[in-house]
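These notes are about the structure you will find just below.
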Amino acid sequence: PMGEGMGPSGEELLKLREEFDEEQRERQAERHRRDMERRRGQGKDKDGQDKKDEDDGGNTNDDEEKEEEQRPVEFIPPPHTYGSKIAVYYANRAATSLHLGRHEEAIEDCDIALLYNPTYVKALLRRCTANEHIEDTEGALRDAKRAYELDPTNAVARKNVARLQKIEEERLEKLKEETMGKLKDLGNSILGNFGLSLDNFAAVQDPNTGGYSISFNQNK
């Protein structure tokens with residue numbers, strides 16, 4: 001049920017969340033800009049002296065930062081009179097989409113269900129399944145953990161956390177190896193101009209301090 005005085009529709013909720021996320025990105029960019037300006041303003045003047053504020057601009061920035069801190073960092077959807085019932089409808093439609101292999105549609109319906117009812121475990125688990133199907137194991141694990149946090153007795157959530165945690169760890173390890181391989185290739189391409197490679201260098205750990213030192217071997 002939708003209508004005046006009841007609350008927003010699912011599509012309206014998604015639009016509101018998208019607008020909130022866009023505002024958050026704009027605020028973050030503005031904070032970054034202010035930080036950069038503040039750092040530039042902390043240099044030296046032409047006489048080599050530390051710059052000092054010549055006006056009350058600092059107070060204005062402080063007021064703006066306090067206002068930023070008071071704003072919500074997560075989207076809080078407006079309430080709906082029948083929110084919990086509408087959440088069931090969208091979660092059930094998501095289950096149908098999953099059965100038909102329409103995983104993106106299932107994720108969107110679960111998103112809406114969770115906007116109406118953020119503690120709806122079934123919606124979390126169905127979105128977890130859909131995320132795993134599109135190979136978003138990070139998102140799937142996040143949903144499984146949240147479902148298990150809400151309902152520690154849920155066997156499906158518990159098993160999904162254990163299984164997805166292992167998959168995610170393997171993915172991150174593979175990503176780390178690929179990244180290190182690319183960095184090594186980059187390093188070798190640079191050192192190759194000098195007739196060297198990373199094989200000429202070795203990191204040696206000090207057993208007493210735990211620190212590392214770099215040794216060089218010309219013959220490798």
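A note on labels: chains of the structure tokens are A, B, ... as shown, every chain counts residues from 1, and ligands are counted from 1 in their shown order.
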Test item, strand (DSSP E) assignment across region 2-220 of chain A, answer as number ranges by chain:
A: 201-205, 212-216
Could you dump the residues just selected with N, CA, C and O atoms as a CSV table (one decimal), in the first residue's frame?
chain,number,residue,atom,x,y,z
A,201,PHE,N,68.2,-7.9,-5.0
A,201,PHE,CA,68.0,-7.4,-3.7
A,201,PHE,C,67.2,-8.4,-2.8
A,201,PHE,O,66.4,-9.2,-3.3
A,202,ALA,N,67.5,-8.4,-1.5
A,202,ALA,CA,66.9,-9.3,-0.6
A,202,ALA,C,66.6,-8.6,0.7
A,202,ALA,O,67.4,-7.9,1.2
A,203,ALA,N,65.4,-8.8,1.2
A,203,ALA,CA,65.0,-8.2,2.5
A,203,ALA,C,65.4,-9.2,3.6
A,203,ALA,O,64.9,-10.4,3.6
A,204,VAL,N,66.2,-8.8,4.6
A,204,VAL,CA,66.7,-9.6,5.6
A,204,VAL,C,66.1,-9.1,7.0
A,204,VAL,O,66.3,-7.9,7.3
A,205,GLN,N,65.4,-10.0,7.7
A,205,GLN,CA,64.8,-9.5,8.9
A,205,GLN,C,65.7,-9.7,10.1
A,205,GLN,O,66.4,-10.8,10.2
A,212,TYR,N,63.6,-4.8,9.0
A,212,TYR,CA,64.2,-5.4,7.8
A,212,TYR,C,65.3,-4.5,7.3
A,212,TYR,O,65.3,-3.3,7.4
A,213,SER,N,66.3,-5.1,6.7
A,213,SER,CA,67.3,-4.4,6.0
A,213,SER,C,67.4,-5.0,4.6
A,213,SER,O,67.1,-6.2,4.4
A,214,ILE,N,67.9,-4.2,3.6
A,214,ILE,CA,68.0,-4.7,2.2
A,214,ILE,C,69.4,-5.0,1.9
A,214,ILE,O,70.3,-4.1,2.1
A,215,SER,N,69.7,-6.2,1.4
A,215,SER,CA,71.0,-6.6,1.0
A,215,SER,C,71.1,-6.6,-0.5
A,215,SER,O,70.0,-6.9,-1.2
A,216,PHE,N,72.3,-6.4,-1.1
A,216,PHE,CA,72.4,-6.4,-2.5
A,216,PHE,C,73.4,-7.4,-3.0
A,216,PHE,O,74.5,-7.6,-2.3
Polymer residues at most 6 Å from region 100-110 of chain A, only C-alpha atoms, same-chain spacing of 5 or more positions, as number ranges by chain
A: 90-91, 94, 123, 127, 130
9 Å contact set for Glu138 (chain A), only C-alpha atoms, chain neighbours under 4 positions out, as number ranges by chain:
A: 131-132, 142-143, 164-165, 168
Could you check how far CA of Gly83 (chain A) sits from CA of Lys15 (chain A), in Å to one decimal?
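Separation between CA of Gly83 (chain A) and CA of Lys15 (chain A): 16.8 Å.
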Taking into account only C-alpha atoms, which residue in the set A:Asp111, A:Asp136, A:Glu169, A:Glu177 is nearest to Arg17 (chain A)?
A:Asp111
Skipping near chain neighbours, those fewer than 4 positions away, what residues fall within 12 Å of Ala113 (chain A) using only C-alpha atoms, listed as an MDAnalysis selection string?
chainID A and resid 9:11 13:14 77 80 82:95 106:109 117:127
Just how far from CA of Gln24 (chain A) is CA of Arg146 (chain A), in Å to one decimal?
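Taking CA of Arg146 (chain A) and CA of Gln24 (chain A), their separation equals 23.3 Å.
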Gap from CA of Leu115 (chain A) to CA of Thr81 (chain A) - Å, one decimal:
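Pair CA of Leu115 (chain A) / CA of Thr81 (chain A) returns 13.3 Å.
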Residues of region 156-205 of chain A classed as alpha helix (DSSP H) by DSSP on the backbone are to be reported as a VMD selection string.
chain A and resid 156 to 191
